[in-house]
>>> print(open('entry36.cif').read())   # mmCIF, C-alpha atoms
data_entry
#
loop_
_atom_site.label_atom_id
_atom_site.label_comp_id
_atom_site.auth_asym_id
_atom_site.auth_seq_id
_atom_site.Cartn_x
_atom_site.Cartn_y
_atom_site.Cartn_z
CA LEU A 7 57.67 -25.83 -5.16
CA ALA A 8 54.76 -25.91 -7.62
CA LEU A 9 53.25 -28.89 -5.79
CA ILE A 10 53.55 -27.22 -2.36
CA THR A 11 52.11 -23.96 -3.76
CA THR A 12 49.16 -25.86 -5.24
CA MET A 13 48.52 -27.57 -1.89
CA LEU A 14 48.63 -24.26 0.04
CA VAL A 15 46.43 -22.23 -2.35
CA PRO A 16 43.06 -23.62 -1.06
CA ILE A 17 43.92 -22.21 2.39
CA ALA A 18 43.51 -18.72 0.88
CA TYR A 19 39.81 -19.45 0.26
CA ILE A 20 39.01 -20.27 3.89
CA GLN A 21 39.27 -16.63 5.01
CA PRO A 22 36.85 -15.07 2.46
CA TYR A 23 34.41 -17.96 2.96
CA LEU A 24 34.22 -17.47 6.74
CA PHE A 25 34.14 -13.69 6.61
CA GLY A 26 31.67 -13.75 3.72
CA LYS A 27 29.08 -15.46 5.94
CA LEU A 28 29.70 -12.99 8.77
CA LEU A 29 29.52 -9.98 6.44
CA ARG A 30 26.31 -11.26 4.83
CA GLU A 31 24.61 -11.58 8.22
CA ALA A 32 25.84 -8.13 9.28
CA ALA A 33 24.56 -6.62 6.03
CA ARG A 34 21.15 -8.26 6.52
CA LYS A 35 20.82 -6.78 10.02
CA THR A 36 21.96 -3.36 8.78
CA ILE A 37 19.32 -3.37 6.02
CA GLN A 38 16.62 -4.37 8.51
CA ARG A 39 17.58 -1.47 10.78
CA SER A 40 17.65 0.91 7.81
CA GLN A 41 14.12 -0.13 6.88
CA LYS A 42 13.04 0.44 10.47
CA VAL A 43 14.58 3.93 10.44
CA PHE A 44 12.80 4.93 7.22
CA LYS A 45 9.52 3.45 8.48
CA GLU A 46 9.81 5.46 11.70
CA LEU A 47 10.54 8.66 9.77
CA GLN A 48 7.64 8.10 7.40
CA GLU A 49 5.18 7.52 10.24
CA MET A 50 6.53 10.42 12.28
CA PHE A 51 6.23 12.98 9.48
CA SER A 52 2.88 11.68 8.21
CA HIS A 53 1.46 11.98 11.76
CA ILE A 54 3.31 15.16 12.71
CA GLN A 55 0.12 16.95 13.78
CA LEU A 56 -0.79 14.06 16.09
CA VAL A 57 2.71 14.09 17.61
CA LYS A 58 2.48 17.82 18.28
CA ALA A 59 -1.12 17.71 19.54
CA PHE A 60 -0.23 15.16 22.24
CA GLY A 61 3.07 16.83 23.11
CA LYS A 62 5.08 13.75 22.15
CA GLY A 63 7.82 15.57 20.23
CA GLU A 64 10.67 14.76 22.61
CA GLU A 65 9.50 11.17 22.99
CA ALA A 66 9.38 10.75 19.20
CA VAL A 67 12.91 12.16 18.87
CA LYS A 68 14.24 9.81 21.57
CA ARG A 69 12.57 6.82 19.93
CA PHE A 70 14.10 7.77 16.59
CA GLU A 71 17.53 8.30 18.14
CA LYS A 72 17.37 4.83 19.68
CA ILE A 73 16.49 3.19 16.36
CA PHE A 74 19.10 5.24 14.50
CA SER A 75 21.77 4.33 17.09
CA GLU A 76 21.00 0.65 16.57
CA LYS A 77 21.45 1.10 12.83
CA MET A 78 24.76 2.94 13.34
CA ASN A 79 26.01 0.18 15.66
CA TYR A 80 25.32 -2.46 13.02
CA GLU A 81 27.02 -0.34 10.36
CA LEU A 82 30.04 0.05 12.65
CA GLU A 83 30.11 -3.71 13.20
CA ASN A 84 29.92 -4.19 9.44
CA ALA A 85 32.84 -1.78 8.92
CA LYS A 86 34.91 -3.56 11.57
CA LEU A 87 34.32 -6.93 9.93
CA SER A 88 35.29 -5.50 6.53
CA ASN A 89 38.57 -4.08 7.92
CA ILE A 90 39.39 -7.28 9.82
CA SER A 91 38.64 -9.29 6.69
CA GLY A 92 40.98 -7.15 4.58
CA PHE A 93 43.75 -7.27 7.19
CA SER A 94 43.49 -11.05 7.74
CA SER A 95 43.50 -11.61 3.97
CA SER A 96 46.74 -9.66 3.62
CA VAL A 97 48.32 -11.51 6.57
CA LEU A 98 47.28 -14.88 5.17
CA ASN A 99 48.68 -14.09 1.74
CA LYS A 100 51.95 -12.89 3.26
CA ALA A 101 52.12 -16.02 5.42
CA LEU A 102 51.61 -18.28 2.41
CA GLY A 103 54.26 -16.37 0.50
CA GLY A 104 56.60 -16.66 3.51
CA VAL A 105 56.15 -20.44 3.74
CA ILE A 106 57.00 -20.86 0.06
CA ALA A 107 59.97 -18.49 0.36
CA LEU A 108 61.37 -20.38 3.41
CA TYR A 109 61.04 -23.74 1.73
CA GLY A 110 62.52 -22.42 -1.51
CA GLY A 111 65.43 -20.83 0.38
CA TYR A 112 66.07 -24.16 2.09
CA GLU A 113 66.14 -25.87 -1.32
CA VAL A 114 68.59 -23.24 -2.64
CA ILE A 115 70.92 -23.82 0.36
CA LYS A 116 70.78 -27.57 -0.27
CA GLY A 117 71.59 -26.94 -3.92
CA THR A 118 68.46 -28.67 -5.11
CA THR A 119 67.36 -25.56 -6.97
CA THR A 120 68.89 -22.30 -8.05
CA LEU A 121 68.28 -18.76 -6.81
CA GLY A 122 66.99 -17.81 -10.27
CA SER A 123 64.39 -20.57 -10.18
CA LEU A 124 63.27 -19.49 -6.70
CA THR A 125 63.01 -15.87 -7.86
CA ALA A 126 60.86 -16.91 -10.84
CA VAL A 127 58.62 -19.01 -8.60
CA MET A 128 58.21 -16.12 -6.14
CA ILE A 129 57.25 -13.73 -8.95
CA TYR A 130 54.64 -16.18 -10.21
CA LEU A 131 53.46 -16.81 -6.65
CA THR A 132 52.99 -13.06 -6.03
CA GLN A 133 50.80 -12.85 -9.10
CA VAL A 134 48.77 -15.91 -8.03
CA LEU A 135 48.29 -14.59 -4.49
CA GLY A 136 47.19 -11.20 -5.89
CA LEU A 137 44.65 -12.99 -8.04
CA LEU A 138 43.46 -15.04 -5.05
CA LYS A 139 43.01 -11.85 -3.00
CA SER A 140 40.90 -10.31 -5.78
CA ILE A 141 38.79 -13.47 -5.98
CA GLY A 142 38.33 -13.43 -2.19
CA THR A 143 37.30 -9.76 -2.26
CA LEU A 144 34.86 -10.50 -5.08
CA TYR A 145 33.34 -13.35 -3.06
CA GLU A 146 32.86 -11.17 0.02
CA THR A 147 31.34 -8.35 -2.04
CA THR A 148 29.01 -10.79 -3.77
CA ALA A 149 27.99 -12.26 -0.41
CA VAL A 150 27.11 -8.80 0.97
CA ASN A 151 25.27 -7.68 -2.17
CA SER A 152 23.33 -10.94 -2.26
CA VAL A 153 21.39 -9.66 0.76
CA ASN A 154 20.07 -6.75 -1.31
CA ARG A 155 19.44 -9.05 -4.25
CA HIS A 156 17.44 -11.50 -2.13
CA ARG A 157 15.42 -8.64 -0.63
CA VAL A 158 14.55 -7.26 -4.08
CA ALA A 159 13.78 -10.77 -5.33
CA GLU A 160 11.40 -11.36 -2.41
CA ILE A 161 9.47 -8.22 -3.34
CA LEU A 162 9.40 -8.96 -7.07
CA ASP A 163 8.35 -12.57 -6.50
CA ILE A 164 5.28 -11.60 -4.46
CA LYS A 165 2.21 -12.65 -6.39
CA PRO A 166 -0.79 -10.30 -6.18
CA ILE A 167 -3.79 -11.80 -4.42
CA MET A 168 -6.09 -10.47 -7.12
CA ARG A 169 -5.12 -11.69 -10.57
CA ASP A 170 -6.91 -12.10 -13.87
CA GLU A 171 -8.22 -15.60 -14.34
CA LYS A 172 -7.00 -17.53 -17.39
CA ASP A 173 -10.38 -17.29 -19.11
CA SER A 174 -11.13 -13.68 -18.06
CA PHE A 175 -12.25 -11.18 -20.70
CA ASP A 176 -12.91 -7.48 -21.17
CA GLY A 177 -16.37 -7.37 -19.66
CA CYS A 178 -18.93 -4.96 -21.02
CA ILE A 179 -20.37 -3.14 -18.00
CA ASP A 180 -22.97 -0.86 -19.53
CA LYS A 181 -25.74 -0.83 -16.91
CA GLY A 182 -24.23 -1.22 -13.44
CA ARG A 183 -26.58 -3.76 -11.86
CA ILE A 184 -24.91 -5.44 -8.85
CA GLU A 185 -25.87 -8.76 -7.33
CA PHE A 186 -24.42 -10.58 -4.29
CA SER A 187 -25.36 -14.26 -4.25
CA ASP A 188 -24.64 -16.22 -1.02
CA ILE A 189 -21.47 -14.24 -0.33
CA SER A 190 -19.25 -15.18 2.62
CA PHE A 191 -16.03 -13.39 3.49
CA CYS A 192 -13.60 -13.34 6.42
CA TYR A 193 -10.28 -11.59 7.07
CA LYS A 194 -9.37 -14.12 9.74
CA LYS A 195 -10.29 -17.73 9.09
CA GLY A 196 -13.44 -18.71 10.96
CA THR A 197 -14.50 -15.13 11.78
CA PHE A 198 -17.00 -14.12 9.12
CA ILE A 199 -17.57 -10.45 8.30
CA LEU A 200 -20.19 -11.52 5.77
CA LYS A 201 -21.91 -14.91 5.76
CA ASP A 202 -24.28 -16.27 3.11
CA ILE A 203 -25.58 -12.80 2.32
CA SER A 204 -27.57 -12.06 -0.81
CA PHE A 205 -29.00 -8.84 -2.26
CA SER A 206 -29.12 -6.88 -5.49
CA ILE A 207 -28.74 -3.22 -6.44
CA GLU A 208 -30.59 -2.19 -9.56
CA ALA A 209 -28.79 -0.36 -12.35
CA GLY A 210 -28.88 3.40 -12.04
CA SER A 211 -30.18 3.35 -8.46
CA LYS A 212 -28.86 5.69 -5.79
CA ILE A 213 -28.57 3.82 -2.50
CA ALA A 214 -27.15 4.33 0.98
CA LEU A 215 -25.26 1.48 2.67
CA VAL A 216 -25.73 1.75 6.43
CA GLY A 217 -24.60 -0.28 9.42
CA LEU A 218 -22.63 -0.19 12.64
CA SER A 219 -18.86 0.33 12.47
CA GLY A 220 -17.08 -2.89 11.56
CA CYS A 221 -20.18 -4.62 10.24
CA GLY A 222 -18.75 -5.11 6.72
CA LYS A 223 -19.84 -2.09 4.69
CA THR A 224 -16.35 -1.33 3.33
CA THR A 225 -15.88 -5.05 2.69
CA ILE A 226 -18.94 -5.05 0.43
CA LEU A 227 -17.52 -2.09 -1.50
CA SER A 228 -14.14 -3.82 -1.82
CA LEU A 229 -15.77 -7.00 -3.14
CA ILE A 230 -17.61 -5.01 -5.81
CA SER A 231 -14.35 -3.57 -7.19
CA ARG A 232 -12.62 -6.91 -6.49
CA LEU A 233 -10.04 -5.56 -4.12
CA TYR A 234 -10.77 -8.72 -2.10
CA GLU A 235 -11.86 -12.22 -3.09
CA GLN A 236 -14.93 -13.73 -1.44
CA GLU A 237 -14.67 -17.08 0.36
CA LYS A 238 -17.77 -18.35 -1.41
CA GLY A 239 -20.63 -17.08 -3.52
CA LEU A 240 -20.83 -14.85 -6.56
CA VAL A 241 -20.52 -11.12 -7.13
CA LEU A 242 -22.26 -10.32 -10.40
CA ILE A 243 -22.25 -7.06 -12.35
CA ASP A 244 -24.73 -6.96 -15.21
CA GLY A 245 -25.10 -10.73 -14.73
CA VAL A 246 -21.37 -11.46 -15.17
CA ASP A 247 -19.16 -12.94 -12.43
CA THR A 248 -16.58 -10.26 -11.59
CA ARG A 249 -13.88 -12.97 -11.48
CA ASN A 250 -14.42 -13.52 -15.21
CA ILE A 251 -13.82 -9.84 -16.03
CA LYS A 252 -10.30 -8.52 -16.42
CA LEU A 253 -9.37 -6.31 -13.47
CA VAL A 254 -8.45 -3.33 -15.65
CA SER A 255 -11.74 -3.58 -17.52
CA LEU A 256 -13.76 -3.99 -14.30
CA ARG A 257 -12.17 -1.09 -12.45
CA SER A 258 -12.33 1.21 -15.46
CA LYS A 259 -16.12 1.28 -14.95
CA ILE A 260 -15.97 1.79 -11.18
CA SER A 261 -14.90 4.92 -9.29
CA LEU A 262 -14.14 5.07 -5.61
CA ALA A 263 -13.92 8.02 -3.21
CA LEU A 264 -12.86 7.38 0.38
CA GLN A 265 -13.09 9.24 3.68
CA GLU A 266 -9.29 9.53 3.57
CA PRO A 267 -8.68 11.40 0.29
CA TYR A 268 -5.34 10.07 -0.95
CA LEU A 269 -3.84 12.79 -3.12
CA TRP A 270 -0.52 13.05 -4.91
CA ASN A 271 2.06 15.75 -4.23
CA ASP A 272 1.18 17.36 -7.55
CA THR A 273 -1.10 19.97 -9.07
CA ILE A 274 -4.85 19.95 -8.54
CA LEU A 275 -5.33 19.35 -12.28
CA ASN A 276 -3.15 16.23 -12.32
CA ASN A 277 -4.85 14.89 -9.21
CA ILE A 278 -8.29 15.20 -10.82
CA LEU A 279 -7.10 13.83 -14.18
CA TYR A 280 -5.64 10.80 -12.39
CA GLY A 281 -9.13 9.31 -12.37
CA ALA A 282 -9.62 9.73 -16.13
CA ASP A 283 -8.08 8.24 -19.25
CA SER A 284 -5.32 9.91 -21.26
CA SER A 285 -7.77 11.79 -23.51
CA ALA A 286 -9.22 13.88 -20.64
CA THR A 287 -8.66 17.64 -20.83
CA LEU A 288 -8.68 20.66 -18.56
CA GLU A 289 -12.33 21.26 -19.47
CA ASP A 290 -13.20 17.74 -18.31
CA ALA A 291 -11.43 18.40 -15.02
CA MET A 292 -13.27 21.70 -14.59
CA GLY A 293 -16.59 20.00 -15.25
CA ALA A 294 -15.88 17.35 -12.60
CA ALA A 295 -14.75 20.05 -10.16
CA ARG A 296 -18.03 21.90 -10.63
CA LEU A 297 -19.99 18.76 -9.83
CA ALA A 298 -17.86 18.34 -6.69
CA GLU A 299 -18.45 22.00 -5.73
CA VAL A 300 -14.72 22.76 -5.67
CA HIS A 301 -14.29 24.77 -8.89
CA GLU A 302 -14.85 28.18 -7.28
CA PHE A 303 -12.28 27.44 -4.58
CA ILE A 304 -9.72 26.38 -7.19
CA MET A 305 -10.27 29.51 -9.27
CA ARG A 306 -9.49 31.69 -6.24
CA LEU A 307 -6.00 30.16 -5.95
CA PRO A 308 -3.09 32.09 -7.53
CA ASP A 309 -2.24 29.27 -9.97
CA LYS A 310 -5.79 27.93 -10.18
CA TYR A 311 -5.75 24.33 -11.47
CA ASN A 312 -1.94 24.34 -11.62
CA SER A 313 -1.71 24.98 -7.87
CA ASP A 314 0.38 22.42 -6.03
CA ILE A 315 -1.45 20.77 -3.13
CA GLY A 316 1.74 19.70 -1.31
CA GLU A 317 2.63 16.38 0.26
CA MET A 318 -0.53 14.59 1.44
CA GLY A 319 -2.48 17.72 0.49
CA CYS A 320 -0.89 19.81 3.25
CA ASN A 321 -1.68 23.09 1.44
CA ILE A 322 -5.46 22.65 1.54
CA SER A 323 -8.12 21.73 4.10
CA GLU A 324 -9.68 18.30 4.64
CA GLY A 325 -12.95 19.38 3.08
CA GLN A 326 -11.16 20.70 0.00
CA LYS A 327 -9.17 17.49 -0.28
CA GLN A 328 -12.37 15.45 -0.13
CA ARG A 329 -13.99 17.53 -2.87
CA ILE A 330 -10.93 17.15 -5.12
CA SER A 331 -11.07 13.41 -4.46
CA MET A 332 -14.76 13.49 -5.42
CA ALA A 333 -13.92 15.29 -8.67
CA ARG A 334 -11.29 12.63 -9.42
CA SER A 335 -13.86 9.86 -9.00
CA ILE A 336 -16.54 11.67 -11.04
CA ILE A 337 -14.44 12.74 -14.04
CA LYS A 338 -14.66 9.44 -15.93
CA ARG A 339 -18.45 9.26 -15.45
CA PRO A 340 -18.33 5.67 -14.11
CA LYS A 341 -21.17 3.17 -14.34
CA ILE A 342 -20.72 2.48 -10.61
CA LEU A 343 -19.75 5.28 -8.22
CA ILE A 344 -18.79 4.27 -4.67
CA LEU A 345 -18.56 6.91 -1.93
CA ASP A 346 -17.29 5.57 1.38
CA GLU A 347 -17.79 8.40 3.90
CA ALA A 348 -16.38 10.56 1.12
CA MET A 349 -18.03 13.77 2.35
CA ALA A 350 -17.55 13.38 6.09
CA SER A 351 -15.59 16.64 6.35
CA LEU A 352 -18.14 18.71 4.41
CA ASP A 353 -21.03 20.71 5.80
CA SER A 354 -24.56 19.47 5.10
CA HIS A 355 -25.34 22.28 2.64
CA THR A 356 -22.34 21.53 0.42
CA GLU A 357 -23.00 17.79 0.65
CA ASP A 358 -26.60 18.26 -0.47
CA LYS A 359 -25.45 20.28 -3.49
CA ILE A 360 -22.93 17.59 -4.49
CA ILE A 361 -25.54 14.83 -4.15
CA LYS A 362 -27.98 16.80 -6.31
CA ASN A 363 -25.24 17.33 -8.91
CA ILE A 364 -24.48 13.60 -8.97
CA PHE A 365 -28.16 12.70 -9.28
CA SER A 366 -28.55 15.18 -12.14
CA GLU A 367 -25.38 14.45 -14.13
CA LEU A 368 -24.94 10.72 -13.41
CA LYS A 369 -28.53 9.64 -13.92
CA ASP A 370 -27.60 6.28 -15.43
CA SER A 371 -24.84 5.47 -12.93
CA THR A 372 -25.32 3.26 -9.89
CA VAL A 373 -24.32 5.26 -6.82
CA ILE A 374 -23.50 3.57 -3.51
CA MET A 375 -22.92 5.86 -0.56
CA VAL A 376 -21.75 4.82 2.90
CA SER A 377 -22.64 7.42 5.51
CA HIS A 378 -23.80 7.80 9.10
CA ARG A 379 -25.20 11.27 8.49
CA LEU A 380 -28.98 11.41 8.59
CA SER A 381 -29.27 14.18 5.99
CA THR A 382 -27.23 12.12 3.53
CA VAL A 383 -29.16 8.90 3.99
CA LYS A 384 -32.50 10.70 3.59
CA ASN A 385 -31.43 11.96 0.17
CA MET A 386 -30.89 8.44 -1.21
CA GLU A 387 -33.58 6.48 -3.07
CA ARG A 388 -33.13 3.30 -1.05
CA VAL A 389 -31.27 2.28 2.11
CA TYR A 390 -29.46 -1.04 2.51
CA PHE A 391 -29.07 -1.68 6.24
CA LEU A 392 -26.46 -4.31 7.10
CA GLU A 393 -28.05 -5.61 10.29
CA ASN A 394 -25.60 -8.49 10.89
CA PRO A 395 -23.12 -10.58 8.84
CA SER A 396 -25.92 -12.63 7.27
CA SER A 397 -28.80 -10.17 7.08
CA ILE A 398 -29.38 -6.99 5.12
CA LYS A 399 -32.62 -5.00 5.25
CA ILE A 400 -33.73 -2.93 2.29
CA GLY A 401 -36.22 -0.09 2.14
CA THR A 402 -36.61 3.66 2.17
CA HIS A 403 -35.28 5.63 5.12
CA GLU A 404 -38.81 6.13 6.49
CA GLU A 405 -39.71 2.45 6.12
CA LEU A 406 -36.64 1.27 8.01
CA LEU A 407 -37.18 3.86 10.74
CA ALA A 408 -40.70 2.61 11.26
CA ARG A 409 -40.00 -1.12 11.36
CA ASN A 410 -36.40 -1.64 12.45
CA LEU A 411 -35.27 -0.77 15.98
CA LYS A 412 -31.55 -1.30 15.28
CA TYR A 413 -31.68 1.06 12.33
CA ARG A 414 -33.46 3.68 14.41
CA GLU A 415 -30.81 3.37 17.16
CA ILE A 416 -28.05 4.29 14.71
CA PHE A 417 -29.66 7.66 14.04
CA ALA A 418 -31.25 8.16 17.47
CA SER A 419 -29.27 11.25 18.47
CA GLN A 420 -29.69 12.83 15.02
CA LEU A 421 -33.40 12.03 15.01
CA SER A 422 -33.82 13.69 18.40
CA SER A 423 -32.11 16.87 17.28
CA ALA A 424 -34.17 16.85 14.11
CA GLY A 425 -37.42 16.33 16.03
CA GLU A 426 -38.29 13.12 14.16
CA ASN A 427 -37.85 10.48 16.85
CA LYS A 428 -41.22 11.18 18.46
CA MET A 429 -42.88 9.89 15.32
CA PHE A 430 -41.55 6.38 15.86
CA ILE A 431 -42.25 5.45 19.46
CA ILE A 432 -42.85 1.78 20.18
#
>>> encode(input="entry36.cif", output="structure tokens")
Amino acid sequence: LALITTMLVPIAYIQPYLFGKLLREAARKTIQRSQKVFKELQEMFSHIQLVKAFGKGEEAVKRFEKIFSEKMNYELENAKLSNISGFSSSVLNKALGGVIALYGGYEVIKGTTTLGSLTAVMIYLTQVLGLLKSIGTLYETTAVNSVNRHRVAEILDIKPIMRDEKDSFDGCIDKGRIEFSDISFCYKKGTFILKDISFSIEAGSKIALVGLSGCGKTTILSLISRLYEQEKGLVLIDGVDTRNIKLVSLRSKISLALQEPYLWNDTILNNILYGADSSATLEDAMGAARLAEVHEFIMRLPDKYNSDIGEMGCNISEGQKQRISMARSIIKRPKILILDEAMASLDSHTEDKIIKNIFSELKDSTVIMVSHRLSTVKNMERVYFLENPSSIKIGTHEELLARNLKYREIFASQLSSAGENKMFII
């Protein structure tokens, strides 16, 4: 009986092995559909105004219902497999026990063994089969949970593209001079956004970076703060290759304000202090807010700097969000301040005041501003015009207007309305 039991026991492992594979695949598909559902919800709610503006509410609901139904179908399939697995495991265990009981009964009738011995064997067998069922259940559970474990491991094992080099150090950026030396960069191999381009920006200068949409302006800004890695060439700050400076040290001296002001669902104070170190105070935040021309607006709010701006800044306007973002970038008084269409939602008067504040309070900082607004560009000391991937023209606004047709075309409509275009007729 012991020998027959030992021979039959491995059969009990076939069921959890087969169903474990099926359950693992079903769990993987369920997780994929769950991710799709959450992605759809996130996009729908973050673009709710767009959905309403185009009257696509019903279409959005139907699309979500379809995705959610797919997820529910996979969950139902998963539940069915789990129930079938449990039922088949019980049947298999009972069948194994029945085979042993039939053979043992036959041996008792023959007189080869006694009823007491058979009873003892059946008691032991029940315990063994119970243990086997627990092991099978554990295997199936482990197989299903391994899908989650593999997914988490995939995320944790992703290596960041930008990492500190082995010999990197805490660079001392105390001036803010920027130099691009034969820089080439492409997002898609073979298609260069920048190619063998070289230029320098002197420390403390206030420059405008101008060019057609998609010409590589934002790429230049990203290379300065090392959000991307160039294909070839050197990006130097104060004569030091940015790849030799630790990322934390490099970015602690650079502030960035974007056209899309990413704000936390938190108070105005915490959003401004996010750009500073841990020693910054409310007074520091108020000073930065004054430079960004947003202090008076904040003080009119019921909770002032403790006012909550809501998810994605839903409680305030776009212009107010941009000015809070500006305050966040100004508060640490960076050596390099980058403004990428950061005041696109502001009126010209407010923008002029902010630029004057920056010029006055950040005299020693290098300021790089990307803008297509004529009034903004005219306020800058120098203009860097990215003519094509391998050519950048440098001069004052008036110099470039006089000698560069492509530059003049960018501002043609604004020049006409300002009455300046007649001065530069070829």
>>> resolve_selection(input="entry36.cif", expression="the PyMOL selection byres ((chain A and resi 100-115) around 9)", output="ChimeraX atom specification")
/A:7,10-11,14-15,17-18,95-99,116-121,124,127-128,131-132,135
>>> residues_around(input="entry36.cif", residues="Lys172 in chain A", least_positions_apart="3", cutoff="12 Å", atoms="only C-alpha atoms", output="tab-separated table (two decimals) with C-alpha atoms, keeping the file's coordinate frame")
chain	number	residue	atom	x	y	z
A	169	ARG	CA	-5.12	-11.69	-10.57
A	175	PHE	CA	-12.25	-11.18	-20.70
A	249	ARG	CA	-13.88	-12.97	-11.48
A	250	ASN	CA	-14.42	-13.52	-15.21
A	251	ILE	CA	-13.82	-9.84	-16.03
A	252	LYS	CA	-10.30	-8.52	-16.42
>>> residues_around(input="entry36.cif", residues="Phe51 in chain A", least_positions_apart="2", cutoff="12 Å", atoms="all atoms listed in the file", output="PyMOL selection string")
chain A and resi 44-49+53-58+63+66-67+70+317-318+320
>>> resolve_selection(input="entry36.cif", expression="the PyMOL selection byres ((chain A and resi 196-213) around 6)", output="VMD selection string")
chain A and resid 181 to 192 194 to 195 214 222 370 to 374 386 to 389 395 to 396
>>> resolve_selection(input="entry36.cif", expression="the PyMOL selection byres ((chain A and resi 140) around 12)", output="list in words")
Ala18, Tyr19, Pro22, Gly92, Ser95, Ser96, Asn99, Gln133, Val134, Leu135, Gly136, Leu137, Leu138, Lys139, Ile141, Gly142, Thr143, Leu144, Tyr145, Glu146 and Thr147 of chain A
>>> atom_distance(input="entry36.cif", atom1="CA of Pro166 in chain A", atom2="CA of Thr248 in chain A")
16.7 Å
>>> residues_around(input="entry36.cif", residues="range 293-296 of chain A", least_positions_apart="2", cutoff="10 Å", atoms="only C-alpha atoms", output="PyMOL selection string")
chain A and resi 275+278-279+287-291+298-304+329-339+360+363
>>> atom_distance(input="entry36.cif", atom1="CA of Gly239 in chain A", atom2="CA of Tyr413 in chain A")
26.5 Å
>>> residues_around(input="entry36.cif", residues="Asp358 in chain A", least_positions_apart="2", cutoff="12 Å", atoms="all atoms listed in the file", output="PyMOL selection string")
chain A and resi 297-299+349+352-356+360-365+379-386
>>> write_last_selection(input="entry36.cif", atoms="C-alpha atoms", output="mmCIF file, in the frame of the given file")
data_model
loop_
_atom_site.group_PDB
_atom_site.id
_atom_site.type_symbol
_atom_site.label_atom_id
_atom_site.label_comp_id
_atom_site.auth_asym_id
_atom_site.auth_seq_id
_atom_site.Cartn_x
_atom_site.Cartn_y
_atom_site.Cartn_z
ATOM 1 C CA LEU A 297 -19.990 18.760 -9.830
ATOM 2 C CA ALA A 298 -17.860 18.340 -6.690
ATOM 3 C CA GLU A 299 -18.450 22.000 -5.730
ATOM 4 C CA MET A 349 -18.030 13.770 2.350
ATOM 5 C CA LEU A 352 -18.140 18.710 4.410
ATOM 6 C CA ASP A 353 -21.030 20.710 5.800
ATOM 7 C CA SER A 354 -24.560 19.470 5.100
ATOM 8 C CA HIS A 355 -25.340 22.280 2.640
ATOM 9 C CA THR A 356 -22.340 21.530 0.420
ATOM 10 C CA ILE A 360 -22.930 17.590 -4.490
ATOM 11 C CA ILE A 361 -25.540 14.830 -4.150
ATOM 12 C CA LYS A 362 -27.980 16.800 -6.310
ATOM 13 C CA ASN A 363 -25.240 17.330 -8.910
ATOM 14 C CA ILE A 364 -24.480 13.600 -8.970
ATOM 15 C CA PHE A 365 -28.160 12.700 -9.280
ATOM 16 C CA ARG A 379 -25.200 11.270 8.490
ATOM 17 C CA LEU A 380 -28.980 11.410 8.590
ATOM 18 C CA SER A 381 -29.270 14.180 5.990
ATOM 19 C CA THR A 382 -27.230 12.120 3.530
ATOM 20 C CA VAL A 383 -29.160 8.900 3.990
ATOM 21 C CA LYS A 384 -32.500 10.700 3.590
ATOM 22 C CA ASN A 385 -31.430 11.960 0.170
ATOM 23 C CA MET A 386 -30.890 8.440 -1.210
#
>>> build_atoms(input="entry36.cif", residues="range 344-351 of chain A", atoms="N, CA, C and O atoms", output="compact mmCIF listing (two decimals), in the frame of the given file")
# COMPACT_ATOMS: atom_id res chain seq x y z
N ILE A 344 -18.79 4.69 -6.07
CA ILE A 344 -18.79 4.27 -4.67
C ILE A 344 -18.22 5.40 -3.82
O ILE A 344 -17.11 5.86 -4.06
N LEU A 345 -18.98 5.82 -2.82
CA LEU A 345 -18.56 6.91 -1.93
C LEU A 345 -18.58 6.39 -0.50
O LEU A 345 -19.65 6.19 0.09
N ASP A 346 -17.41 6.13 0.04
CA ASP A 346 -17.29 5.57 1.38
C ASP A 346 -16.95 6.69 2.37
O ASP A 346 -15.78 7.02 2.56
N GLU A 347 -17.96 7.27 2.99
CA GLU A 347 -17.79 8.40 3.90
C GLU A 347 -16.98 9.51 3.22
O GLU A 347 -16.18 10.19 3.85
N ALA A 348 -17.21 9.67 1.93
CA ALA A 348 -16.38 10.56 1.12
C ALA A 348 -16.64 12.04 1.37
O ALA A 348 -15.88 12.89 0.90
N MET A 349 -17.71 12.37 2.09
CA MET A 349 -18.03 13.77 2.35
C MET A 349 -18.16 14.05 3.84
O MET A 349 -18.89 14.96 4.26
N ALA A 350 -17.44 13.27 4.63
CA ALA A 350 -17.55 13.38 6.09
C ALA A 350 -17.06 14.72 6.62
O ALA A 350 -17.49 15.18 7.67
N SER A 351 -16.15 15.36 5.88
CA SER A 351 -15.59 16.64 6.35
C SER A 351 -16.32 17.85 5.77
O SER A 351 -15.90 18.99 5.98
